[in-house]
Each structure stands twice: as structure tokens, then as C-alpha cells.
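Novice: The structure follows.
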Amino acid sequence: MVTTGTDTAAPPSGKPAAVWVTGQALSIIGGLMLCLVLQIAVIGQLAHNRDQDRAYAAFRDQLANATAPAGAYDPDGHPLEPGTPVAVLVVPRIGVREVVGEGSTSEVLKSGPGHRRDTVLPGQAGTSVVLGRRAGYGAPFLDLGKLKRGDLISVVTGQGKHEFEVQGVRHSGDPQPAPPAQGQGRLTLVTADGPPGLPSDVLRVDARLLTPAVGTAGVLPASATSESEQALAGDPEAMVPLVLWGLVLVLSAAGVVYVHQRVGKWHSWVIGVPLLGALGLTVADQAASLLPNLW
């Protein structure tokens with residue numbers, strides 16, 4: 001195909017090819033960073049809302065059929081799949097109404113708060129721990145630090161509705177409360193401390209169980225959990241898909257630059273914007289899984 005000098009992407013007169021190529025690469029990197037921001041702040045919010053709607057519908061059906069999980073294991077004795085809905089958490093003071101999924105990896109917390117698998121479910125005797133994001137992907141625990149002593153929290157699980165009363169907010173260095181007494185329950189909500197998007201430590205809200213504790217139906221041992229489920233941990237399992245999708249993005253970007261040089265800028269725009277945009281968002285989503293789970 002014959003093209004005019006104004007339609008092709010040859011380096012401008014007097015500008016070294018290396019400088020021109022570097023500019024093209026920096027433009028693509030800038031676009032990728034924009035994709036990361038869009039993924040976390042906008043696309044992630046929409047994905048979170050979609051996942052919450054699906055989880056709520058599934059959990060409501062399980063409650064109606066008395067098949068909702070009451071412990072860390074399914075009827076066959078296998079650990080619940082990560083993200084399996086296990087509760088509905090309602091915190092009226094800060095406007096939270098979220099389905100809680102099983103597990104607390106960065107990937108699970110994209111869809112909403114997550115139950116730490118080595119603790120009991122809310123309402124059972126002992127301490128139940130639920131983690132949630134303070135920024136991005138719905139940011140369900142953004143205002144967690146605004147809770148005050150006496151605020152009420154309700155949680156619905158497969159074992160009924162459980163009421164809790166906030167006892168206080170803990171920051172790094174604050175003394176840890178004593179374990180609940182025999183037959184008593186506690187709920188600890190956990191998120192990042194510090195400015196949204198710049199976590200510096202962990203913030204915890206402790207609430208005591210007001211309603212009678214229900215029986216424990218199985219807790220996953222701590223040895224069966226991974227480091228990625230702890231507070232402020234990233235998910236290293238996202239590295240492999242990140243590298244693979246990143247490779248696809250680099251090859252696609254090179255192809256778009258080639259089209260830009262050999263065919264024309266408008267052809268490359270028509271091909272490159274949707275292709276690199278979709279790949280950029282996919283890479284950004286995988287990169288977000290490497291960030292701290294409470295971020």
C-alpha cells in the first residue's frame with residue numbers, strides 16, 4: 001500500500017529514530033498507567049458491584065434452601081472455594097451492606113470483604129476476622145475508622161442473624177483485647193490504616209457478640225492458609241498471568257507500532273485503541289492483585 005508522508009508514522013525530519021521509538025514506548029507506558037487507574041477506580045467499582053449482586057443472589061438462594069456454609073468446608077469435606085459467599089455484613093453507621101466471601105487474598109477482596117479462613121464464622125464462639133479494602137474495588141471499608149463504641153453491626157450467615165456491638169477501634173501499637181470468654185463471640189473488621197491508596201499499617205474494629213453464640217462447624221487450620229491471606233499481603237499467584245498478559249500486550253504494542261509505521265496512523269489508532277485498551281485493563285487488573293489486599 002502506498003501512503004503519503006503525512007499518513008505514515010516515520011520519524012519527523014531531523015528527529016533520530018531512537019528518540020521517536022522511545023516516545024512511542026513512553027506513550028504506551030503512560031496509557032498502561034492510565035489503565036491501572038481506570039481499573040482500580042472505575043472498572044473495579046463496576047466489577048465489585050456486579051460480583052456483589054451475583055454473590056447476594058447465590059447466598060439468598062442458599063439461605064432459602066438451608067445450604068449456606070456454616071464452616072470452612074463444603075459437604076464433601078473440602079475447603080470452600082475462595083470467594084464463596086458465607087455471610088452478609090451490615091454496618092448502618094457507615095452505610096455498608098456487603099456479601100462476605102470466603103478467603104482474604106487480594107483477588108477475593110476485589111469482590112468484597114473476605115472472611116479469614118483460619119477463624120470462625122461470624123456469630124460462632126470465638127473471634128471471627130473479616131478483611132476489606134479501604135480504597136479501590138468498591139472500598140467497602142473506607143469509613144471503618146469512623147465507627148465508635150456502641151455502634152451496632154449485624155451479620156447474616158447460614159446459622160441465622162447475629163448482632164454485634166462495637167467495642168473500639170485499634171491502630172498499630174494499641175493493646176490487643178483478651179480473647180473472648182468461653183461461649184462468647186467477637187467480630188474483628190480489618191482494613192488498611194493511613195491515607196486511602198497509601199496504606200501505612202492496619203486498622204481493626206472489635207465488636208462483641210450480643211446474640212447467643214452458635215456452634216462452630218469447622219475452621220481451617222492456620223497451617224493450611226497462605227501468606228497472601230494475611231493483612232496487607234499481595235497475591236503472588238497473580239504474577240504468572242501478569243507476565244503472560246504483559247507479553248501479549250508488548251507484542252500487540254509492537255504490532256500496532258509496526259502498523260503505524262508501515263500503513264498509517266489512523267489505521268493504527270483504529271486497531272490499537274480497543275486492542276491495547278482491553279489488554280491494558282487486563283494487565284492492570286492482574287497488577288492490582290499484587291498490591292496489598294487491603295489497599
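A note on labels: chains of the C-alpha cells are A, B, ... as shown, every chain counts residues from 1, and ligands are counted from 1 in their shown order.
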When DSSP is applied to the backbone of this structure, which of range 217-256 of chain A are assigned helix (DSSP H, G or I)? Write them out as a list of chain:residue names.
Specialist: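 Matching residues, listed in order: A:Ala222, A:Ser223, A:Ala224, A:Glu227, A:Ser228, A:Glu229, A:Pro236, A:Glu237, A:Ala238, A:Met239, A:Val240, A:Pro241, A:Leu242, A:Val243, A:Leu244, A:Trp245, A:Gly246, A:Leu247, A:Val248, A:Leu249, A:Val250, A:Leu251, A:Ser252, A:Ala253, A:Ala254, A:Gly255, A:Val256.
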Novice: Tell me, as JSON, numbers by chain, which residues lie within 10 Å of range 141-149 of chain A, counting only C-alpha atoms; anything in the same chain fewer than 4 positions away does not count.
Specialist: {"A": [91, 92, 93, 94, 95, 96, 112, 113, 131, 132, 133, 134, 135, 136, 165, 166, 167, 168, 169, 170, 171, 189, 190, 191, 192, 193, 195, 196, 203, 204, 205, 206, 207, 294, 295]}
Novice: Mind giving me the straight-line distance from CA of Arg186 in chain A to CA of Ser200 in chain A in Å, one decimal?
Specialist: 25.3 Å
Novice: Could you tell me which of A:Gln261, A:Gln124, A:Ser252, A:Thr22 comes closest to Leu276 in chain A if we count only C-alpha atoms?
Specialist: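 Residue with the minimum atom-to-atom distance to Leu276 in chain A: A:Ser252.
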Novice: Contacts of Gln159 in chain A at 8 Å or less, counting only C-alpha atoms, minus same-chain residues fewer than 2 places along, as a PDB file with C-alpha atoms, in the first residue's frame?
Specialist:
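Once written, part_7.pdb looks like this:
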ATOM      1  CA  ALA A  70     -21.686 -22.943  58.338  1.00  0.00           C
ATOM      2  CA  VAL A 156     -26.449 -12.961  58.475  1.00  0.00           C
ATOM      3  CA  THR A 157     -24.930 -16.412  57.993  1.00  0.00           C
ATOM      4  CA  LYS A 161     -28.745 -13.351  62.171  1.00  0.00           C
ATOM      5  CA  VAL A 214     -23.881 -20.659  67.637  1.00  0.00           C
TER       6      VAL A 214
END
Novice: Between CA of Leu46 in chain A and CA of Lys110 in chain A, what is the distance, to one decimal in Å?
Specialist: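 So the answer is 10.7 Å.
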Novice: Which residues, written as a VMD selection string, have at least one atom at most 10 Å from Tyr258 in chain A, with only C-alpha atoms counted and residues fewer than 5 positions away on the same chain left out?
Specialist: chain A and resid 9 252 to 253 263 to 264 268
